[in-house]
file run_21.csv (CSV, C-alpha atoms)
chain,number,residue,atom,x,y,z
Q,8,MET,CA,7.7,3.4,-10.4
Q,9,LYS,CA,8.1,-0.2,-9.2
Q,10,VAL,CA,4.8,-1.3,-7.6
Q,11,LEU,CA,4.2,-4.4,-5.5
Q,12,ILE,CA,0.6,-5.6,-5.0
Q,13,LEU,CA,0.0,-8.0,-2.1
Q,14,HIS,CA,-3.1,-9.9,-3.0
Q,15,GLY,CA,-4.4,-11.1,0.4
Q,16,SER,CA,-7.6,-12.9,-0.7
Q,17,PRO,CA,-7.7,-16.7,-0.6
Q,18,ARG,CA,-9.7,-16.5,-3.9
Q,19,LYS,CA,-7.6,-16.0,-7.0
Q,20,LYS,CA,-10.6,-14.7,-9.0
Q,21,GLY,CA,-12.8,-13.0,-6.3
Q,22,ASN,CA,-13.9,-9.4,-5.8
Q,23,THR,CA,-10.5,-8.3,-4.5
Q,24,ALA,CA,-8.8,-9.8,-7.6
Q,25,LYS,CA,-11.2,-8.0,-9.9
Q,26,VAL,CA,-10.5,-4.6,-8.3
Q,27,ILE,CA,-6.8,-5.3,-8.3
Q,28,SER,CA,-7.0,-6.0,-12.0
Q,29,PHE,CA,-8.6,-2.6,-12.6
Q,30,VAL,CA,-5.8,-0.9,-10.6
Q,31,ALA,CA,-3.0,-3.0,-12.1
Q,32,ASP,CA,-4.1,-2.3,-15.6
Q,33,GLU,CA,-4.2,1.4,-15.0
Q,34,LEU,CA,-0.8,1.4,-13.3
Q,35,VAL,CA,0.7,-0.5,-16.3
Q,36,GLY,CA,-1.0,2.0,-18.6
Q,37,LEU,CA,0.6,4.8,-16.7
Q,38,GLY,CA,4.0,3.2,-17.3
Q,39,HIS,CA,4.6,1.6,-13.9
Q,40,GLU,CA,6.3,-1.8,-13.4
Q,41,THR,CA,3.7,-3.8,-11.5
Q,42,GLU,CA,3.9,-7.2,-9.8
Q,43,THR,CA,1.1,-9.0,-7.9
Q,44,VAL,CA,1.9,-11.6,-5.3
Q,45,PHE,CA,-1.0,-14.0,-4.6
Q,46,LEU,CA,-0.4,-14.6,-0.9
Q,47,SER,CA,-2.7,-17.6,-0.5
Q,48,SER,CA,-0.3,-19.7,-2.6
Q,49,LYS,CA,2.7,-18.9,-0.5
Q,50,ASN,CA,4.1,-20.6,2.6
Q,51,LEU,CA,3.5,-17.9,5.3
Q,52,ASN,CA,4.5,-18.3,8.9
Q,53,GLY,CA,3.4,-16.0,11.7
Q,54,CYS,CA,5.9,-13.8,13.5
Q,55,LEU,CA,7.6,-15.7,16.4
Q,56,SER,CA,8.3,-12.5,18.3
Q,57,CYS,CA,11.8,-13.7,18.9
Q,58,GLY,CA,13.4,-10.3,18.4
Q,59,LYS,CA,16.3,-11.6,16.3
Q,60,CYS,CA,15.3,-9.2,13.5
Q,61,LYS,CA,16.1,-6.3,15.7
Q,62,GLU,CA,19.7,-7.3,15.9
Q,63,VAL,CA,20.2,-6.6,12.2
Q,64,ILE,CA,20.0,-3.0,11.1
Q,65,ASP,CA,20.7,-2.9,7.4
Q,66,ASP,CA,19.0,-6.1,6.2
Q,67,ILE,CA,15.9,-8.2,6.9
Q,68,GLY,CA,16.9,-10.1,10.0
Q,69,CYS,CA,14.1,-12.6,10.2
Q,70,VAL,CA,15.2,-16.1,11.2
Q,71,GLN,CA,12.3,-17.9,9.5
Q,72,GLN,CA,12.9,-19.6,6.2
Q,73,ASP,CA,9.5,-19.3,4.3
Q,74,ASP,CA,8.2,-17.3,1.4
Q,75,ILE,CA,7.8,-14.1,3.4
Q,76,LEU,CA,11.5,-13.4,3.2
Q,77,GLU,CA,11.3,-13.1,-0.6
Q,78,ILE,CA,8.1,-11.0,-0.3
Q,79,LEU,CA,9.8,-8.7,2.2
Q,80,GLN,CA,12.7,-8.3,-0.2
Q,81,LYS,CA,10.3,-7.4,-3.0
Q,82,MET,CA,8.8,-4.8,-0.7
Q,83,VAL,CA,12.1,-3.3,0.1
Q,84,ARG,CA,12.8,-2.9,-3.6
Q,85,SER,CA,9.4,-1.3,-4.4
Q,86,GLN,CA,8.6,2.4,-4.4
Q,87,LEU,CA,4.9,1.6,-3.8
Q,88,VAL,CA,3.2,-1.3,-2.0
Q,89,ILE,CA,-0.5,-1.9,-2.3
Q,90,TYR,CA,-1.9,-4.1,0.5
Q,91,ALA,CA,-5.1,-5.6,-0.9
Q,92,SER,CA,-7.6,-7.8,1.0
Q,93,PRO,CA,-11.3,-8.7,1.4
Q,94,LEU,CA,-12.7,-7.6,4.8
Q,95,TYR,CA,-12.7,-10.4,7.4
Q,96,PHE,CA,-14.1,-9.7,10.8
Q,97,TRP,CA,-13.3,-5.9,10.7
Q,98,GLY,CA,-9.8,-6.5,9.4
Q,99,VAL,CA,-7.7,-7.8,6.6
Q,100,SER,CA,-7.3,-11.5,5.7
Q,101,ALA,CA,-5.0,-13.8,7.7
Q,102,GLN,CA,-2.7,-14.0,4.7
Q,103,LEU,CA,-2.2,-10.3,4.5
Q,104,LYS,CA,-2.1,-9.9,8.3
Q,105,THR,CA,0.7,-12.4,8.5
Q,106,ILE,CA,2.8,-10.3,6.0
Q,107,ILE,CA,2.0,-7.1,8.0
Q,108,ASP,CA,3.1,-8.8,11.2
Q,109,ARG,CA,6.4,-9.9,9.6
Q,110,THR,CA,7.1,-6.4,8.4
Q,111,TYR,CA,8.3,-6.0,12.0
Q,112,SER,CA,11.6,-7.1,10.7
Q,113,LEU,CA,11.9,-4.1,8.3
Q,114,TYR,CA,12.6,-1.5,11.0
Q,115,THR,CA,14.7,-1.1,14.2
Q,116,GLN,CA,14.8,1.3,17.1
Q,117,TYR,CA,11.1,2.3,16.9
Q,118,HIS,CA,10.4,5.2,19.3
Q,119,ALA,CA,14.1,6.0,19.5
Q,120,PRO,CA,16.1,8.8,17.7
Q,121,ASP,CA,17.9,6.3,15.6
Q,122,HIS,CA,14.7,4.7,14.3
Q,123,ALA,CA,15.6,3.1,10.9
Q,124,SER,CA,13.4,1.4,8.3
Q,125,LEU,CA,14.2,-0.5,5.1
Q,126,VAL,CA,11.1,1.0,3.6
Q,127,ASP,CA,11.7,4.6,4.7
Q,128,GLY,CA,9.9,6.9,2.3
Q,129,GLN,CA,8.0,4.1,0.5
Q,130,ARG,CA,4.5,4.8,-0.6
Q,131,GLN,CA,1.9,2.4,0.8
Q,132,ALA,CA,-1.8,2.0,0.0
Q,133,LEU,CA,-4.7,-0.1,1.2
Q,134,LEU,CA,-7.4,-1.6,-1.0
Q,135,VAL,CA,-10.2,-3.5,0.8
Q,136,THR,CA,-13.4,-5.1,-0.6
Q,137,GLY,CA,-16.4,-6.1,1.5
Q,138,GLY,CA,-20.0,-7.1,1.4
Q,139,GLY,CA,-21.2,-4.4,3.7
Q,140,SER,CA,-20.7,-0.6,4.1
Q,141,TYR,CA,-17.7,1.2,5.4
Q,142,GLU,CA,-19.4,2.3,8.6
Q,143,ASP,CA,-19.3,-0.2,11.5
Q,144,ASN,CA,-17.5,-2.6,9.3
Q,145,ALA,CA,-14.3,-1.5,7.7
Q,146,GLU,CA,-13.0,1.3,9.9
Q,147,ALA,CA,-10.8,-0.9,12.0
Q,148,ALA,CA,-8.9,-2.2,9.0
Q,149,PHE,CA,-8.1,1.3,7.8
Q,150,THR,CA,-7.2,2.5,11.3
Q,151,ALA,CA,-4.7,-0.3,11.7
Q,152,PHE,CA,-3.2,0.4,8.2
Q,153,ASN,CA,-2.9,4.2,9.0
Q,154,ARG,CA,-0.8,3.3,12.0
Q,155,LEU,CA,1.5,1.0,10.0
Q,156,GLN,CA,3.2,3.9,8.2
Q,157,LYS,CA,4.8,5.3,11.4
Q,158,PRO,CA,7.1,2.4,12.2
Q,159,HIS,CA,7.7,1.8,8.5
Q,160,LYS,CA,8.6,5.5,8.1
Q,161,ALA,CA,6.4,5.2,5.0
Q,162,ILE,CA,4.0,7.5,3.2
Q,163,LYS,CA,0.3,6.7,3.1
Q,164,ALA,CA,-0.4,7.1,-0.6
Q,165,GLY,CA,-4.1,6.3,-0.4
Q,166,GLU,CA,-6.9,3.9,0.5
Q,167,LEU,CA,-9.9,2.5,-1.3
Q,168,PHE,CA,-12.9,0.6,0.1
Q,169,ILE,CA,-15.3,-1.1,-2.3
Q,170,GLY,CA,-18.4,-2.2,-0.4
Q,171,GLY,CA,-21.5,-4.0,-1.4
Q,172,CYS,CA,-19.5,-6.7,-3.2
Q,173,THR,CA,-21.4,-9.9,-4.1
Q,174,THR,CA,-19.6,-11.5,-7.1
Q,175,PRO,CA,-16.9,-10.2,-9.4
Q,176,ALA,CA,-19.3,-10.0,-12.3
Q,177,GLN,CA,-21.3,-7.4,-10.3
Q,178,LEU,CA,-18.4,-5.0,-10.1
Q,179,ASP,CA,-19.5,-2.4,-12.6
Q,180,ASP,CA,-18.0,0.6,-14.4
Q,181,ALA,CA,-18.5,2.8,-11.3
Q,182,VAL,CA,-16.2,0.4,-9.4
Q,183,LYS,CA,-13.7,0.4,-12.2
Q,184,GLU,CA,-13.6,4.2,-12.3
Q,185,LYS,CA,-12.9,4.3,-8.5
Q,186,ALA,CA,-10.1,1.8,-9.0
Q,187,ILE,CA,-8.6,3.9,-11.8
Q,188,GLU,CA,-8.8,7.1,-9.8
Q,189,PHE,CA,-7.2,5.2,-6.9
Q,190,ALA,CA,-4.3,4.1,-9.1
Q,191,LYS,CA,-3.7,7.6,-10.3
Q,192,LYS,CA,-3.8,9.1,-6.8
Q,193,ILE,CA,-1.4,6.6,-5.2
Q,194,THR,CA,1.2,7.2,-7.9
Q,195,ALA,CA,0.9,11.0,-8.1
call {"tool": "encode", "arguments": {"input": "run_21.csv", "output": "structure tokens"}}
result
Amino acid sequence: MKVLILHGSPRKKGNTAKVISFVADELVGLGHETETVFLSSKNLNGCLSCGKCKEVIDDIGCVQQDDILEILQKMVRSQLVIYASPLYFWGVSAQLKTIIDRTYSLYTQYHAPDHASLVDGQRQALLVTGGGSYEDNAEAAFTAFNRLQKPHKAIKAGELFIGGCTTPAQLDDAVKEKAIEFAKKITA
């Protein structure tokens, strides 16, 4: 399976990166082709809400010329996309949110009988790290993600929240085991 991991943390070696490494190592060990895109190093422009993408049915019709077009093309070619981010104010990072907003260009005719999506049937998963607990903290990020699959016509493969994060060095074997189980579940 071709797997794309969208690394939404601005820190290349932070908590999210550490958990991603556990997941990616397991995915490779299971025989999957895995690519991680570090979003903070990319030129990412927000959606203009111009609607030009809705005029194109069989391709990514976004008019902006930034790094997101290449990322969206990688998404279309993947069977599984993992959205990974630290928790920022009850949501994902700005980098990952920008990608999510621009996935608007991947589907047309939402709420209509001829609703089409370039990622129809794709497996999608969410991995979030945070300093606090899930309750009163992370639910909004997971609720938003769960709603994303409907316009994408995608399959929610799984979700993982690792709370209580302080430093990557503090992420122990219990966290690694959760990441390994997550990797197995989202590819099953």
call {"tool": "closest_residue", "arguments": {"input": "run_21.csv", "among": "Q:Leu55, Q:Ala176, Q:Ala190, Q:Leu13", "to": "Val88 of chain Q", "atoms": "only C-alpha atoms"}}
result
Q:Leu13
call {"tool": "residues_around", "arguments": {"input": "run_21.csv", "residues": "Thr43 of chain Q", "least_positions_apart": "3", "cutoff": "9 Å", "atoms": "all atoms listed in the file", "output": "count of residues only"}}
result
7
call {"tool": "residues_around", "arguments": {"input": "run_21.csv", "residues": "Gln177 of chain Q", "least_positions_apart": "5", "cutoff": "12 Å", "atoms": "all atoms listed in the file", "output": "JSON, numbers by chain"}}
result
{"Q": [21, 22, 25, 26, 138, 169, 170, 171, 172, 182, 183]}
call {"tool": "closest_residue", "arguments": {"input": "run_21.csv", "among": "Q:Ala132, Q:Ile67, Q:Ala145, Q:Ile193", "to": "Ala91 of chain Q", "atoms": "only C-alpha atoms"}}
result
Q:Ala132
call {"tool": "closest_residue", "arguments": {"input": "run_21.csv", "among": "Q:Tyr141, Q:Thr150, Q:Tyr90, Q:Leu125", "to": "Ala164 of chain Q", "atoms": "all atoms listed in the file"}}
result
Q:Tyr90
call {"tool": "residues_around", "arguments": {"input": "run_21.csv", "residues": "Asp65 of chain Q", "least_positions_apart": "2", "cutoff": "9 Å", "atoms": "all atoms listed in the file", "output": "VMD selection string"}}
result
chain Q and resid 63 67 to 68 113 to 114 123 to 125
call {"tool": "closest_residue", "arguments": {"input": "run_21.csv", "among": "Q:Leu134, Q:Ala151, Q:Leu34, Q:Ala161", "to": "Pro93 of chain Q", "atoms": "all atoms listed in the file"}}
result
Q:Leu134
call {"tool": "residues_around", "arguments": {"input": "run_21.csv", "residues": "Val99 of chain Q", "least_positions_apart": "6", "cutoff": "8 Å", "atoms": "only C-alpha atoms", "output": "ChimeraX atom specification"}}
result
/Q:15,92-93,135,148
call {"tool": "closest_residue", "arguments": {"input": "run_21.csv", "among": "Q:Arg154, Q:Arg84, Q:His159, Q:Lys61", "to": "Ser112 of chain Q", "atoms": "all atoms listed in the file"}}
result
Q:Lys61
call {"tool": "residues_around", "arguments": {"input": "run_21.csv", "residues": "Lys192 of chain Q", "least_positions_apart": "6", "cutoff": "10 Å", "atoms": "only C-alpha atoms", "output": "list of chain:residue names"}}
result
Q:Ala164, Q:Gly165, Q:Glu166, Q:Ala186
call {"tool": "closest_residue", "arguments": {"input": "run_21.csv", "among": "Q:Val126, Q:Leu94, Q:Cys54, Q:Cys69", "to": "Asp143 of chain Q", "atoms": "all atoms listed in the file"}}
result
Q:Leu94
call {"tool": "atom_distance", "arguments": {"input": "run_21.csv", "atom1": "atom CA of Phe29 of chain Q", "atom2": "atom CA of Phe152 of chain Q"}}
result
21.7 Å
call {"tool": "atom_distance", "arguments": {"input": "run_21.csv", "atom1": "atom CA of Gln80 of chain Q", "atom2": "atom CA of Phe168 of chain Q"}}
result
27.1 Å
call {"tool": "atom_distance", "arguments": {"input": "run_21.csv", "atom1": "atom CA of Thr136 of chain Q", "atom2": "atom CA of Ala24 of chain Q"}}
result
9.6 Å
call {"tool": "build_atoms", "arguments": {"input": "run_21.csv", "residues": "segment 69-94 of chain Q", "atoms": "N, CA and C atoms", "output": "CSV table (one decimal), keeping the file's coordinate frame"}}
result
chain,number,residue,atom,x,y,z
Q,69,CYS,N,15.0,-11.5,9.8
Q,69,CYS,CA,14.1,-12.6,10.2
Q,69,CYS,C,14.7,-14.0,10.1
Q,70,VAL,N,14.6,-14.8,11.1
Q,70,VAL,CA,15.2,-16.1,11.2
Q,70,VAL,C,14.4,-17.2,10.5
Q,71,GLN,N,13.1,-16.9,10.2
Q,71,GLN,CA,12.3,-17.9,9.5
Q,71,GLN,C,12.6,-18.1,8.0
Q,72,GLN,N,12.6,-19.3,7.6
Q,72,GLN,CA,12.9,-19.6,6.2
Q,72,GLN,C,11.6,-20.0,5.5
Q,73,ASP,N,10.8,-19.0,5.1
Q,73,ASP,CA,9.5,-19.3,4.3
Q,73,ASP,C,9.4,-18.3,3.2
Q,74,ASP,N,8.3,-18.2,2.5
Q,74,ASP,CA,8.2,-17.3,1.4
Q,74,ASP,C,8.1,-15.9,1.7
Q,75,ILE,N,7.9,-15.6,3.0
Q,75,ILE,CA,7.8,-14.1,3.4
Q,75,ILE,C,9.1,-13.4,3.2
Q,76,LEU,N,10.2,-14.1,3.3
Q,76,LEU,CA,11.5,-13.4,3.2
Q,76,LEU,C,11.6,-12.8,1.7
Q,77,GLU,N,11.2,-13.6,0.7
Q,77,GLU,CA,11.3,-13.1,-0.6
Q,77,GLU,C,10.3,-12.0,-0.8
Q,78,ILE,N,9.1,-12.1,-0.2
Q,78,ILE,CA,8.1,-11.0,-0.3
Q,78,ILE,C,8.6,-9.7,0.3
Q,79,LEU,N,9.2,-9.8,1.5
Q,79,LEU,CA,9.8,-8.7,2.2
Q,79,LEU,C,10.9,-8.0,1.3
Q,80,GLN,N,11.7,-8.8,0.7
Q,80,GLN,CA,12.7,-8.3,-0.2
Q,80,GLN,C,12.1,-7.5,-1.4
Q,81,LYS,N,11.0,-8.1,-1.9
Q,81,LYS,CA,10.3,-7.4,-3.0
Q,81,LYS,C,9.8,-6.0,-2.5
Q,82,MET,N,9.3,-6.1,-1.3
Q,82,MET,CA,8.8,-4.8,-0.7
Q,82,MET,C,9.8,-3.8,-0.6
Q,83,VAL,N,11.0,-4.2,-0.1
Q,83,VAL,CA,12.1,-3.3,0.1
Q,83,VAL,C,12.5,-2.6,-1.3
Q,84,ARG,N,12.4,-3.4,-2.3
Q,84,ARG,CA,12.8,-2.9,-3.6
Q,84,ARG,C,11.7,-2.1,-4.4
Q,85,SER,N,10.6,-2.0,-3.8
Q,85,SER,CA,9.4,-1.3,-4.4
Q,85,SER,C,9.3,0.1,-3.9
Q,86,GLN,N,8.8,1.0,-4.8
Q,86,GLN,CA,8.6,2.4,-4.4
Q,86,GLN,C,7.1,2.5,-3.8
Q,87,LEU,N,6.3,1.6,-4.2
Q,87,LEU,CA,4.9,1.6,-3.8
Q,87,LEU,C,4.4,0.2,-3.5
Q,88,VAL,N,3.8,0.0,-2.3
Q,88,VAL,CA,3.2,-1.3,-2.0
Q,88,VAL,C,1.7,-1.1,-1.8
Q,89,ILE,N,0.9,-1.9,-2.5
Q,89,ILE,CA,-0.5,-1.9,-2.3
Q,89,ILE,C,-0.9,-3.2,-1.5
Q,90,TYR,N,-1.4,-3.0,-0.3
Q,90,TYR,CA,-1.9,-4.1,0.5
Q,90,TYR,C,-3.4,-4.2,0.1
Q,91,ALA,N,-3.8,-5.4,-0.4
Q,91,ALA,CA,-5.1,-5.6,-0.9
Q,91,ALA,C,-5.8,-6.9,-0.2
Q,92,SER,N,-7.0,-6.7,0.2
Q,92,SER,CA,-7.6,-7.8,1.0
Q,92,SER,C,-9.2,-7.7,1.0
Q,93,PRO,N,-9.8,-8.8,1.1
Q,93,PRO,CA,-11.3,-8.7,1.4
Q,93,PRO,C,-11.3,-8.4,2.9
Q,94,LEU,N,-12.5,-7.9,3.4
Q,94,LEU,CA,-12.7,-7.6,4.8
Q,94,LEU,C,-13.1,-8.9,5.5
